[in-house]
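Okay, data_2.txt is below, compact mmCIF, C-alpha atoms:
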```
# COMPACT_ATOMS: atom_id res chain seq x y z
CA MET B 1 177.48 69.61 142.73
CA ARG B 2 175.26 68.37 145.56
CA HIS B 3 172.78 71.24 145.40
CA PRO B 4 169.47 70.93 143.52
CA PHE B 5 169.93 71.79 139.82
CA GLU B 6 166.75 73.85 139.93
CA GLN B 7 168.69 76.54 141.83
CA ALA B 8 170.96 77.00 138.80
CA VAL B 9 167.98 77.35 136.46
CA ALA B 10 166.17 79.77 138.77
CA GLU B 11 169.24 81.92 139.41
CA HIS B 12 170.84 81.97 135.97
CA GLY B 13 168.11 80.99 133.46
CA GLY B 14 167.30 84.60 132.60
CA LEU B 15 170.92 85.62 132.24
CA VAL B 16 171.74 82.67 129.98
CA LEU B 17 168.75 83.53 127.79
CA ARG B 18 169.93 87.16 127.45
CA VAL B 19 173.45 85.97 126.61
CA CYS B 20 172.13 83.53 123.97
CA ARG B 21 170.00 86.31 122.48
CA ALA B 22 172.93 88.70 122.32
CA VAL B 23 175.13 86.09 120.60
CA LEU B 24 172.59 84.42 118.29
CA GLY B 25 169.58 86.71 118.07
CA PRO B 26 166.17 85.92 119.56
CA VAL B 27 165.16 83.07 117.22
CA ASP B 28 168.07 80.67 117.72
CA ALA B 29 168.48 81.70 121.36
CA ASP B 30 165.70 79.42 122.63
CA ASP B 31 167.27 76.28 121.19
CA ALA B 32 170.69 77.29 122.50
CA TRP B 33 169.16 77.87 125.96
CA SER B 34 167.52 74.43 125.95
CA GLU B 35 170.66 72.69 124.73
CA THR B 36 172.72 74.53 127.35
CA PHE B 37 170.56 73.50 130.29
CA LEU B 38 170.18 69.90 129.13
CA ALA B 39 173.97 69.60 128.82
CA ALA B 40 174.39 71.33 132.20
CA LEU B 41 171.88 68.97 133.84
CA ARG B 42 173.79 66.00 132.46
CA ALA B 43 177.12 67.26 133.82
CA TRP B 44 175.76 68.76 137.08
CA PRO B 45 176.66 65.89 139.48
CA ASP B 46 180.32 66.10 138.35
CA LEU B 47 180.64 69.86 138.80
CA PRO B 48 182.75 70.74 141.88
CA ASP B 49 180.75 72.30 144.72
CA ASP B 50 182.84 75.49 144.69
CA ALA B 51 182.50 76.06 140.92
CA ASP B 52 181.31 79.42 139.56
CA VAL B 53 177.98 78.22 138.18
CA ARG B 54 177.31 81.36 136.13
CA ALA B 55 180.67 81.21 134.30
CA TRP B 56 180.23 77.45 133.83
CA LEU B 57 176.78 77.91 132.25
CA VAL B 58 178.03 80.73 130.00
CA THR B 59 180.88 78.45 128.88
CA ILE B 60 178.40 75.72 127.91
CA ALA B 61 176.15 78.29 126.20
CA HIS B 62 179.21 79.50 124.27
CA ARG B 63 179.87 75.98 122.91
CA LYS B 64 176.24 75.62 121.87
CA ALA B 65 176.31 79.06 120.23
CA ILE B 66 179.47 78.20 118.29
CA ASP B 67 177.70 75.08 116.97
CA VAL B 68 174.85 77.25 115.71
CA ILE B 69 177.20 79.83 114.17
CA ARG B 70 179.14 77.07 112.36
CA ALA B 71 175.92 75.46 111.11
CA ARG B 72 174.84 78.83 109.74
CA GLN B 73 178.15 79.24 107.91
CA ARG B 74 177.70 75.77 106.38
CA ALA B 75 174.11 76.46 105.37
CA PRO B 76 173.86 76.55 101.54
CA VAL B 77 171.35 79.42 101.56
CA PRO B 78 172.31 82.19 103.95
CA VAL B 79 169.56 82.77 106.46
CA PRO B 80 169.18 86.31 107.76
CA THR B 81 170.25 86.36 111.40
CA ILE B 82 167.47 88.70 112.43
CA PRO B 83 164.11 88.24 110.74
CA GLU B 84 162.04 91.30 109.89
CA PRO B 85 159.67 92.18 112.71
CA ALA B 86 156.04 91.55 111.83
CA GLY B 87 153.59 93.50 113.95
CA GLY B 88 155.91 93.57 116.95
CA GLN B 89 156.28 89.77 116.85
CA LEU B 90 159.27 87.74 115.85
CA GLY B 91 159.26 84.27 114.36
CA ASP B 92 156.21 82.07 114.86
CA GLY B 93 154.24 84.06 117.35
CA GLY B 94 157.05 84.42 119.90
CA PRO B 95 156.86 87.23 122.43
CA ALA B 96 157.50 90.83 121.45
CA LEU B 97 161.15 91.51 122.12
CA PRO B 98 162.53 94.81 123.30
CA ASP B 99 164.63 96.11 120.44
CA HIS B 100 165.12 94.69 116.96
CA ASP B 101 167.60 97.39 115.92
CA LEU B 102 169.96 96.45 118.72
CA TRP B 103 169.98 92.79 117.65
CA ARG B 104 170.58 93.84 114.07
CA ALA B 105 173.51 95.98 115.18
CA LEU B 106 174.90 93.15 117.34
CA ALA B 107 174.50 90.62 114.53
CA ALA B 108 176.55 92.90 112.27
CA LEU B 109 179.55 92.82 114.64
CA PRO B 110 182.44 90.42 113.95
CA ASP B 111 181.73 87.17 115.86
CA ARG B 112 184.58 87.67 118.32
CA GLN B 113 183.49 91.19 119.27
CA ARG B 114 179.88 90.09 119.68
CA LEU B 115 180.94 87.17 121.92
CA CYS B 116 183.15 89.39 124.09
CA VAL B 117 180.40 92.02 124.41
CA ALA B 118 177.87 89.31 125.35
CA TYR B 119 180.06 87.59 127.95
CA HIS B 120 181.40 90.76 129.53
CA HIS B 121 178.53 93.24 129.32
CA VAL B 122 175.49 90.94 129.27
CA ALA B 123 176.79 88.02 131.38
CA GLY B 124 178.89 90.28 133.61
CA LEU B 125 182.01 88.09 133.46
CA PRO B 126 185.42 89.75 133.98
CA HIS B 127 187.70 90.00 130.93
CA PRO B 128 190.08 87.18 132.02
CA GLU B 129 187.08 84.85 132.34
CA VAL B 130 185.82 85.98 128.89
CA ALA B 131 189.31 85.27 127.48
CA ARG B 132 189.23 81.77 128.98
CA ILE B 133 185.97 81.11 127.13
CA VAL B 134 186.73 82.67 123.72
CA GLY B 135 190.52 82.09 123.72
CA GLY B 136 193.33 84.65 123.58
CA THR B 137 194.46 87.06 126.26
CA ALA B 138 192.40 89.10 128.70
CA ALA B 139 193.73 92.28 127.06
CA ALA B 140 192.52 91.08 123.65
CA ALA B 141 189.11 90.22 125.10
CA ARG B 142 188.90 93.67 126.68
CA ARG B 143 189.81 95.30 123.37
CA ALA B 144 187.31 93.22 121.36
CA SER B 145 184.60 94.11 123.85
CA ALA B 146 185.47 97.83 123.75
CA ASP B 147 185.61 97.83 119.94
CA GLY B 148 182.23 96.12 119.81
CA ILE B 149 180.63 98.67 122.14
CA ALA B 150 182.17 101.54 120.15
CA THR B 151 180.67 100.14 116.93
CA LEU B 152 177.28 99.67 118.59
CA ARG B 153 177.32 103.30 119.72
CA ARG B 154 177.97 104.30 116.10
CA THR B 155 175.51 101.94 114.42
CA TYR B 156 172.75 101.49 116.98
CA LEU B 157 172.47 104.72 118.94
CA PRO B 158 172.02 106.93 115.82
CA SER B 159 169.07 104.78 114.74
CA LEU B 160 167.66 105.09 118.25
CA GLU B 161 167.95 108.89 118.08
CA ARG B 162 166.30 108.96 114.67
CA GLU B 163 163.36 107.09 116.17
CA THR B 164 163.18 109.30 119.24
CA HIS B 165 163.20 112.50 117.20
CA ALA B 166 160.84 111.21 114.52
CA MET K 1 179.69 97.39 134.62
CA PRO K 2 176.77 97.23 132.17
CA ASP K 3 176.94 99.65 129.26
CA THR K 4 173.79 101.72 128.71
CA VAL K 5 173.86 101.03 124.98
CA LEU K 6 172.98 97.42 125.90
CA ASP K 7 170.25 98.18 128.44
CA PRO K 8 167.50 96.58 126.34
CA LEU K 9 169.45 93.31 126.45
CA THR K 10 170.52 93.32 130.07
CA VAL K 11 167.33 94.46 131.81
CA PRO K 12 164.81 91.62 132.28
CA THR K 13 161.30 92.30 131.00
CA PRO K 14 157.99 90.83 132.25
CA ASP K 15 157.73 88.94 128.93
CA ASP K 16 161.00 87.18 129.74
CA GLU K 17 159.43 85.54 132.77
CA GLN K 18 156.66 83.88 130.75
CA HIS K 19 159.15 82.98 128.07
CA LEU K 20 161.45 81.37 130.64
CA ASP K 21 158.50 79.44 132.10
CA ARG K 22 157.90 77.95 128.65
CA LEU K 23 161.57 77.09 128.18
CA HIS K 24 161.63 75.61 131.69
CA GLY K 25 158.66 73.38 130.85
CA GLN K 26 160.46 72.17 127.72
CA LEU K 27 163.57 71.50 129.80
CA VAL K 28 161.62 69.34 132.28
CA ARG K 29 160.09 67.30 129.44
CA GLY K 30 163.38 66.99 127.53
CA ALA K 31 165.22 65.95 130.69
CA ALA K 32 162.61 63.28 131.50
CA GLU K 33 162.80 61.87 127.95
CA ARG K 34 166.56 61.57 128.29
CA ASP K 35 166.43 60.01 131.80
CA LEU K 36 168.38 62.93 133.24
CA VAL K 37 166.16 63.59 136.26
CA ASP K 38 166.77 62.29 139.77
CA LEU K 39 163.77 64.11 141.25
CA THR K 40 160.98 66.48 140.35
CA TYR K 41 159.02 68.44 142.90
CA ARG K 42 156.02 70.72 143.20
CA VAL K 43 154.08 72.42 145.95
CA VAL K 44 150.33 71.99 146.49
CA ASP K 45 148.13 73.95 148.87
CA SER K 46 146.14 72.14 151.53
CA PRO K 47 144.09 72.95 154.65
CA ILE K 48 147.18 72.06 156.74
CA GLY K 49 149.43 74.37 154.75
CA PRO K 50 151.48 74.04 151.56
CA LEU K 51 152.78 70.51 150.97
CA LEU K 52 155.98 69.78 149.08
CA LEU K 53 155.73 66.68 146.86
CA ALA K 54 158.91 65.12 145.47
CA ALA K 55 159.02 62.14 143.12
CA THR K 56 161.68 59.97 141.53
CA PRO K 57 160.86 58.15 138.28
CA ALA K 58 159.81 55.25 140.59
CA GLY K 59 157.21 57.22 142.53
CA LEU K 60 156.49 59.66 145.34
CA VAL K 61 159.59 59.70 147.53
CA ARG K 62 158.88 62.57 149.92
CA LEU K 63 155.96 64.61 151.16
CA ALA K 64 157.03 67.49 153.38
CA PHE K 65 155.26 70.05 155.49
CA GLU K 66 156.02 73.76 155.21
CA SER K 67 157.49 73.74 158.74
CA GLU K 68 160.29 71.43 157.56
CA GLY K 69 161.64 74.20 155.31
CA ARG K 70 161.33 73.76 151.56
CA ASP K 71 164.98 74.52 150.73
CA ALA K 72 166.27 72.32 153.55
CA VAL K 73 164.17 69.38 152.35
CA LEU K 74 165.28 69.83 148.73
CA GLU K 75 168.93 70.16 149.73
CA SER K 76 168.69 66.96 151.76
CA LEU K 77 166.95 65.09 148.92
CA ALA K 78 169.62 66.29 146.46
CA THR K 79 172.28 64.83 148.76
CA LEU K 80 170.44 61.58 149.55
CA ILE K 81 169.02 60.79 146.11
CA GLY K 82 170.72 62.96 143.49
CA PRO K 83 171.22 66.63 142.58
CA ARG K 84 169.42 66.55 139.21
CA VAL K 85 166.37 68.13 140.82
CA LEU K 86 163.83 70.07 138.74
CA HIS K 87 160.69 71.97 139.69
CA ASP K 88 157.70 70.64 137.75
CA PRO K 89 154.69 72.80 138.67
CA ASN K 90 152.28 70.49 136.81
CA GLY K 91 153.99 67.19 137.64
CA ILE K 92 153.04 64.42 140.08
CA ALA K 93 149.53 65.22 138.86
CA GLY K 94 147.76 62.11 140.19
CA MET K 95 149.05 62.71 143.70
CA ALA K 96 148.06 66.37 143.69
CA GLU K 97 144.55 65.48 142.54
CA GLN K 98 144.15 62.69 145.12
CA LEU K 99 145.28 65.01 147.91
CA GLY K 100 142.52 67.42 146.90
CA GLU K 101 139.96 64.59 147.07
CA TYR K 102 141.33 63.39 150.42
CA PHE K 103 141.01 66.82 152.03
CA ALA K 104 137.49 67.12 150.60
CA GLY K 105 136.60 63.86 152.44
CA ARG K 106 136.09 62.05 149.14
CA ARG K 107 139.16 59.77 149.23
CA ARG K 108 140.22 57.18 151.81
CA ALA K 109 143.41 55.80 150.32
CA PHE K 110 146.09 57.07 147.95
CA GLU K 111 146.68 55.08 144.82
CA VAL K 112 150.04 56.37 143.63
CA PRO K 113 153.41 54.70 143.12
CA VAL K 114 155.51 55.27 146.26
CA ASP K 115 159.30 55.09 146.39
CA LEU K 116 160.28 54.17 149.97
CA ARG K 117 164.04 54.24 149.38
CA LEU K 118 164.52 56.75 152.20
CA ALA K 119 163.33 54.27 154.85
CA HIS K 120 165.34 51.25 155.98
CA GLY K 121 165.21 48.31 158.38
CA PHE K 122 162.72 48.41 161.23
CA ARG K 123 161.46 51.83 160.17
CA LEU K 124 160.52 50.40 156.77
CA ASP K 125 158.71 47.52 158.53
CA VAL K 126 156.79 50.04 160.63
CA LEU K 127 155.73 51.97 157.50
CA GLY K 128 154.38 48.70 156.13
CA GLN K 129 152.31 48.25 159.30
CA LEU K 130 151.03 51.83 159.16
CA ARG K 131 149.63 51.24 155.68
CA GLN K 132 147.38 48.54 157.21
CA ILE K 133 145.60 50.99 159.55
CA PRO K 134 142.26 51.76 157.90
CA TYR K 135 140.96 55.25 157.20
CA GLY K 136 139.22 56.72 160.25
CA ALA K 137 140.87 54.23 162.66
CA THR K 138 143.77 54.75 165.06
CA ARG K 139 146.34 52.46 166.69
CA SER K 140 148.60 53.00 169.67
CA TYR K 141 152.38 53.13 169.25
CA ALA K 142 152.50 49.95 171.39
CA ALA K 143 150.03 48.14 169.12
CA VAL K 144 152.06 49.03 166.03
CA ALA K 145 155.25 47.87 167.76
CA ALA K 146 153.56 44.53 168.55
CA SER K 147 152.26 44.09 165.00
CA ALA K 148 155.74 44.84 163.62
CA GLY K 149 157.02 41.95 165.75
CA ARG K 150 158.92 44.03 168.33
CA PRO K 151 156.45 44.78 171.13
CA ARG K 152 159.08 46.54 173.26
CA ALA K 153 160.16 48.88 170.45
CA VAL K 154 157.49 51.51 171.20
CA ARG K 155 159.95 54.41 171.03
CA ALA K 156 161.36 53.11 167.75
CA VAL K 157 157.85 53.16 166.32
CA GLY K 158 157.57 56.81 167.37
CA SER K 159 160.86 57.49 165.68
CA ALA K 160 159.76 55.66 162.50
CA CYS K 161 156.63 57.82 162.41
CA ALA K 162 158.66 61.00 162.93
CA HIS K 163 160.89 60.03 159.99
CA ASN K 164 158.10 58.84 157.70
CA PRO K 165 159.17 60.23 154.29
CA VAL K 166 155.62 60.22 152.91
CA PRO K 167 153.16 61.25 155.64
CA LEU K 168 149.44 61.21 154.69
CA VAL K 169 150.16 58.55 152.04
CA VAL K 170 151.61 56.29 154.74
CA PRO K 171 149.20 57.35 157.49
CA CYS K 172 151.43 57.88 160.52
CA HIS K 173 148.84 60.39 161.78
CA ARG K 174 146.67 57.36 162.72
CA VAL K 175 149.14 56.31 165.43
CA VAL K 176 148.26 57.83 168.81
CA ARG K 177 149.29 57.42 172.43
CA SER K 178 147.84 54.58 174.50
CA ASP K 179 145.94 57.13 176.62
CA GLY K 180 144.14 58.31 173.49
CA THR K 181 145.94 61.69 173.16
CA PRO K 182 147.27 62.32 169.65
CA GLY K 183 151.03 62.38 170.34
CA GLY K 184 153.58 64.14 168.17
CA TYR K 185 153.49 64.82 164.45
CA LEU K 186 156.06 66.13 162.01
CA GLY K 187 153.45 68.48 160.56
CA GLY K 188 152.59 69.80 164.05
CA PRO K 189 149.93 68.72 166.58
CA GLU K 190 147.25 70.90 164.93
CA ALA K 191 147.74 69.15 161.60
CA LYS K 192 147.45 65.73 163.27
CA ALA K 193 144.28 66.76 165.09
CA PHE K 194 142.88 68.16 161.84
CA LEU K 195 143.54 64.89 159.95
CA LEU K 196 142.03 62.68 162.70
CA ARG K 197 138.96 64.95 162.82
CA LEU K 198 138.65 64.92 159.01
CA GLU K 199 138.76 61.13 158.91
CA SER K 200 136.38 60.58 161.82
CA THR K 201 133.85 62.98 160.25
CA ALA K 202 134.06 61.51 156.75
CA ALA K 203 134.33 57.86 157.86
```

What do you get writing this file as structure tokens?
Amino acid sequence: MRHPFEQAVAEHGGLVLRVCRAVLGPVDADDAWSETFLAALRAWPDLPDDADVRAWLVTIAHRKAIDVIRARQRAPVPVPTIPEPAGGQLGDGGPALPDHDLWRALAALPDRQRLCVAYHHVAGLPHPEVARIVGGTAAAARRASADGIATLRRTYLPSLERETHA
Amino acid sequence: MPDTVLDPLTVPTPDDEQHLDRLHGQLVRGAAERDLVDLTYRVVDSPIGPLLLAATPAGLVRLAFESEGRDAVLESLATLIGPRVLHDPNGIAGMAEQLGEYFAGRRRAFEVPVDLRLAHGFRLDVLGQLRQIPYGATRSYAAVAASAGRPRAVRAVGSACAHNPVPLVVPCHRVVRSDGTPGGYLGGPEAKAFLLRLESTAA
């Protein structure tokens, strides 16, 4: 790619952060974002000029996210994916994030469904592109994404309504 | 098509912007530590308009005026030097500070590492001659051509000035026509007149 890398960060930095948050939750998302853009910067000169930069970045973010998910599975003491909110803050004084319940609901999805939801609905990639990233067929990716959304409607929206009517 | 159940995750919030600024700062530092950066750049305000500063790890490689078009300059630098280009709003700090002092009339020369890799041959020789012209003084294009050892190459001196990658730092604004009129300037004739006036007042 001959264009300045900064364009990729400016155009897609926010989207990659939202994808990392959807896949990993807000705490691990920052590290995944940093790892993604460092790896992307390293590979940038070799990327063809006509490449789809957004799909390329999401693919790198996916690899980084899988590393984190595997490390969690290896961890001797299971760490809760989503820490309890403390006074609207998460982690060590990070910014207030929009909706803890949604992350909890996402974290409870099977990995594959959560990945397909993140890459299709949050990243906006078409199902065939999602299938290329997570493996399997486009139809399977579409189904995993639809199943994930259906579960979220069941598990997340009721808690939202409880809050609204409280 | 975004699903409304995910709206809180797909709609950017004002907090995200600050958060991304922090992550971006970490990226710039991490990239520098790993030698992954071809160029960083920032923009500083000045009395002659915003100035784009771009630096390689070796030093300041380009100073561009707003009229040159920020994106066009960055695109050309990415092609000429390398595409690993990052915005570093607090970088190139010494240069930014010295520019402030220069425009306040408190600095006569810039003491920053300069990377002249964008200039070659006779043009590079001319830049070397320009650096010898003292603050507040001017030389004619013909005089610079003579001092560069090619007295007939007056037009080539003009061309070297027009392609000076680091104006102000290499003071091409101090080269004027033999009849005393300022002549052209990449930053525009008003900018050249402003700089000559600034230096004659402060000198």

Just the residues within 12 Å of range 134-148 of chain K, please, counting only C-alpha atoms, with nothing from its chain fewer than 4 positions along; format it as a PDB file with C-alpha atoms, in the coordinates of the input.
```pdb
ATOM      1  CA  TYR K 102     141.330  63.390 150.420  1.00  0.00           C
ATOM      2  CA  GLY K 105     136.600  63.860 152.440  1.00  0.00           C
ATOM      3  CA  ARG K 106     136.090  62.050 149.140  1.00  0.00           C
ATOM      4  CA  ARG K 107     139.160  59.770 149.230  1.00  0.00           C
ATOM      5  CA  ARG K 108     140.220  57.180 151.810  1.00  0.00           C
ATOM      6  CA  ALA K 109     143.410  55.800 150.320  1.00  0.00           C
ATOM      7  CA  PHE K 110     146.090  57.070 147.950  1.00  0.00           C
ATOM      8  CA  GLY K 121     165.210  48.310 158.380  1.00  0.00           C
ATOM      9  CA  PHE K 122     162.720  48.410 161.230  1.00  0.00           C
ATOM     10  CA  ARG K 123     161.460  51.830 160.170  1.00  0.00           C
ATOM     11  CA  LEU K 124     160.520  50.400 156.770  1.00  0.00           C
ATOM     12  CA  ASP K 125     158.710  47.520 158.530  1.00  0.00           C
ATOM     13  CA  VAL K 126     156.790  50.040 160.630  1.00  0.00           C
ATOM     14  CA  LEU K 127     155.730  51.970 157.500  1.00  0.00           C
ATOM     15  CA  GLY K 128     154.380  48.700 156.130  1.00  0.00           C
ATOM     16  CA  GLN K 129     152.310  48.250 159.300  1.00  0.00           C
ATOM     17  CA  LEU K 130     151.030  51.830 159.160  1.00  0.00           C
ATOM     18  CA  ARG K 152     159.080  46.540 173.260  1.00  0.00           C
ATOM     19  CA  ALA K 153     160.160  48.880 170.450  1.00  0.00           C
ATOM     20  CA  VAL K 154     157.490  51.510 171.200  1.00  0.00           C
ATOM     21  CA  ARG K 155     159.950  54.410 171.030  1.00  0.00           C
ATOM     22  CA  ALA K 156     161.360  53.110 167.750  1.00  0.00           C
ATOM     23  CA  VAL K 157     157.850  53.160 166.320  1.00  0.00           C
ATOM     24  CA  GLY K 158     157.570  56.810 167.370  1.00  0.00           C
ATOM     25  CA  SER K 159     160.860  57.490 165.680  1.00  0.00           C
ATOM     26  CA  ALA K 160     159.760  55.660 162.500  1.00  0.00           C
ATOM     27  CA  CYS K 161     156.630  57.820 162.410  1.00  0.00           C
ATOM     28  CA  ALA K 162     158.660  61.000 162.930  1.00  0.00           C
ATOM     29  CA  LEU K 168     149.440  61.210 154.690  1.00  0.00           C
ATOM     30  CA  VAL K 169     150.160  58.550 152.040  1.00  0.00           C
ATOM     31  CA  VAL K 170     151.610  56.290 154.740  1.00  0.00           C
ATOM     32  CA  PRO K 171     149.200  57.350 157.490  1.00  0.00           C
ATOM     33  CA  CYS K 172     151.430  57.880 160.520  1.00  0.00           C
ATOM     34  CA  HIS K 173     148.840  60.390 161.780  1.00  0.00           C
ATOM     35  CA  ARG K 174     146.670  57.360 162.720  1.00  0.00           C
ATOM     36  CA  VAL K 175     149.140  56.310 165.430  1.00  0.00           C
ATOM     37  CA  VAL K 176     148.260  57.830 168.810  1.00  0.00           C
ATOM     38  CA  ARG K 177     149.290  57.420 172.430  1.00  0.00           C
ATOM     39  CA  SER K 178     147.840  54.580 174.500  1.00  0.00           C
ATOM     40  CA  ASP K 179     145.940  57.130 176.620  1.00  0.00           C
ATOM     41  CA  GLY K 180     144.140  58.310 173.490  1.00  0.00           C
ATOM     42  CA  THR K 181     145.940  61.690 173.160  1.00  0.00           C
ATOM     43  CA  PRO K 182     147.270  62.320 169.650  1.00  0.00           C
ATOM     44  CA  GLY K 183     151.030  62.380 170.340  1.00  0.00           C
ATOM     45  CA  GLY K 184     153.580  64.140 168.170  1.00  0.00           C
ATOM     46  CA  LYS K 192     147.450  65.730 163.270  1.00  0.00           C
ATOM     47  CA  LEU K 195     143.540  64.890 159.950  1.00  0.00           C
ATOM     48  CA  LEU K 196     142.030  62.680 162.700  1.00  0.00           C
ATOM     49  CA  ARG K 197     138.960  64.950 162.820  1.00  0.00           C
ATOM     50  CA  LEU K 198     138.650  64.920 159.010  1.00  0.00           C
ATOM     51  CA  GLU K 199     138.760  61.130 158.910  1.00  0.00           C
ATOM     52  CA  SER K 200     136.380  60.580 161.820  1.00  0.00           C
ATOM     53  CA  THR K 201     133.850  62.980 160.250  1.00  0.00           C
ATOM     54  CA  ALA K 202     134.060  61.510 156.750  1.00  0.00           C
ATOM     55  CA  ALA K 203     134.330  57.860 157.860  1.00  0.00           C
TER      56      ALA K 203
END
```

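The smallest atom-to-atom distance between chain B and any of K:Val166, K:Val85, K:Ala193, K:Val61, using all atoms listed in the file, is found for K:Val85.
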
Counting all atoms listed in the file, what are the residues of chain K within 7 Å of chain B, and for each of them which pair of atoms is the nearest and at what distance in Å, to one decimal? Sort the table by chain and rising number, as CSV.
```
residue,atom,partner,partner_atom,distance
K:Met1,CA,B:His121,CA,6.8
K:Pro2,CA,B:His121,CA,5.2
K:Asp3,CA,B:His121,CA,6.6
K:Val5,CA,B:Arg153,CA,6.7
K:Pro8,CA,B:Pro98,CA,6.1
K:Leu9,CA,B:Arg18,CA,6.2
K:Thr10,CA,B:Val122,CA,5.6
K:Asp15,CA,B:Pro95,CA,6.8
K:Leu20,CA,B:Gly14,CA,7.0
K:Leu23,CA,B:Ser34,CA,6.9
K:Leu27,CA,B:Ser34,CA,6.2
K:Ala31,CA,B:Leu38,CA,6.5
K:Leu36,CA,B:Arg42,CA,6.3
K:Leu74,CA,B:Pro4,CA,6.8
K:Glu75,CA,B:His3,CA,5.9
K:Ala78,CA,B:Pro4,CA,5.5
K:Thr79,CA,B:Arg2,CA,5.6
K:Pro83,CA,B:Pro4,CA,4.7
K:Arg84,CA,B:Phe5,CA,5.3
K:Val85,CA,B:Pro4,CA,5.0
K:Leu86,CA,B:Glu6,CA,4.9
K:His87,CA,B:Glu6,CA,6.3
```

Any chance you can output those residues with C-alpha atoms as a compact mmCIF listing (two decimals), keeping the file's coordinate frame?
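File written: selection-v8.txt
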```txt
# COMPACT_ATOMS: atom_id res chain seq x y z
CA MET K 1 179.69 97.39 134.62
CA PRO K 2 176.77 97.23 132.17
CA ASP K 3 176.94 99.65 129.26
CA VAL K 5 173.86 101.03 124.98
CA PRO K 8 167.50 96.58 126.34
CA LEU K 9 169.45 93.31 126.45
CA THR K 10 170.52 93.32 130.07
CA ASP K 15 157.73 88.94 128.93
CA LEU K 20 161.45 81.37 130.64
CA LEU K 23 161.57 77.09 128.18
CA LEU K 27 163.57 71.50 129.80
CA ALA K 31 165.22 65.95 130.69
CA LEU K 36 168.38 62.93 133.24
CA LEU K 74 165.28 69.83 148.73
CA GLU K 75 168.93 70.16 149.73
CA ALA K 78 169.62 66.29 146.46
CA THR K 79 172.28 64.83 148.76
CA PRO K 83 171.22 66.63 142.58
CA ARG K 84 169.42 66.55 139.21
CA VAL K 85 166.37 68.13 140.82
CA LEU K 86 163.83 70.07 138.74
CA HIS K 87 160.69 71.97 139.69
```

Adding 3 Å on each side of the box along x, y and z that holds all listed atoms of range 145-150 of chain K, could you give its centre and edge lengths in Å to one decimal, as AutoDock Vina command-line options?
```
--center_x 155.6 --center_y 44.9 --center_z 166.1 --size_x 12.7 --size_y 11.9 --size_z 10.9
```

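Note that CA of Val43 in chain K and CA of Glu111 in chain K are 18.9 Å apart.
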
Taking the block just given, write range 94-103 of chain K to a file that holds N, CA, C and O atoms, as a PDB file, in the first residue's frame.
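The result, stored in part-v4.pdb:
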```pdb
ATOM      1  N   GLY K  94      10.859  19.786  19.311  1.00  0.00           N
ATOM      2  CA  GLY K  94      11.873  20.836  19.255  1.00  0.00           C
ATOM      3  C   GLY K  94      11.621  21.792  18.107  1.00  0.00           C
ATOM      4  O   GLY K  94      11.690  23.016  18.260  1.00  0.00           O
ATOM      5  N   MET K  95      11.265  21.239  16.958  1.00  0.00           N
ATOM      6  CA  MET K  95      11.020  22.061  15.771  1.00  0.00           C
ATOM      7  C   MET K  95       9.811  22.966  15.987  1.00  0.00           C
ATOM      8  O   MET K  95       9.845  24.154  15.636  1.00  0.00           O
ATOM      9  N   ALA K  96       8.754  22.410  16.547  1.00  0.00           N
ATOM     10  CA  ALA K  96       7.543  23.206  16.771  1.00  0.00           C
ATOM     11  C   ALA K  96       7.858  24.381  17.704  1.00  0.00           C
ATOM     12  O   ALA K  96       7.432  25.517  17.462  1.00  0.00           O
ATOM     13  N   GLU K  97       8.624  24.105  18.743  1.00  0.00           N
ATOM     14  CA  GLU K  97       8.963  25.141  19.713  1.00  0.00           C
ATOM     15  C   GLU K  97       9.837  26.215  19.053  1.00  0.00           C
ATOM     16  O   GLU K  97       9.608  27.420  19.234  1.00  0.00           O
ATOM     17  N   GLN K  98      10.827  25.785  18.259  1.00  0.00           N
ATOM     18  CA  GLN K  98      11.734  26.749  17.629  1.00  0.00           C
ATOM     19  C   GLN K  98      11.010  27.602  16.591  1.00  0.00           C
ATOM     20  O   GLN K  98      11.338  28.778  16.413  1.00  0.00           O
ATOM     21  N   LEU K  99      10.006  27.028  15.927  1.00  0.00           N
ATOM     22  CA  LEU K  99       9.219  27.838  14.992  1.00  0.00           C
ATOM     23  C   LEU K  99       8.494  28.953  15.736  1.00  0.00           C
ATOM     24  O   LEU K  99       8.440  30.102  15.264  1.00  0.00           O
ATOM     25  N   GLY K 100       7.945  28.609  16.906  1.00  0.00           N
ATOM     26  CA  GLY K 100       7.266  29.620  17.725  1.00  0.00           C
ATOM     27  C   GLY K 100       8.219  30.753  18.076  1.00  0.00           C
ATOM     28  O   GLY K 100       7.868  31.939  17.969  1.00  0.00           O
ATOM     29  N   GLU K 101       9.443  30.402  18.470  1.00  0.00           N
ATOM     30  CA  GLU K 101      10.435  31.423  18.839  1.00  0.00           C
ATOM     31  C   GLU K 101      10.834  32.262  17.618  1.00  0.00           C
ATOM     32  O   GLU K 101      10.992  33.481  17.713  1.00  0.00           O
ATOM     33  N   TYR K 102      10.972  31.588  16.476  1.00  0.00           N
ATOM     34  CA  TYR K 102      11.353  32.301  15.246  1.00  0.00           C
ATOM     35  C   TYR K 102      10.292  33.354  14.893  1.00  0.00           C
ATOM     36  O   TYR K 102      10.621  34.514  14.610  1.00  0.00           O
ATOM     37  N   PHE K 103       9.034  32.955  14.924  1.00  0.00           N
ATOM     38  CA  PHE K 103       7.973  33.897  14.547  1.00  0.00           C
ATOM     39  C   PHE K 103       7.791  34.996  15.590  1.00  0.00           C
ATOM     40  O   PHE K 103       7.235  36.042  15.301  1.00  0.00           O
TER      41      PHE K 103
END
```
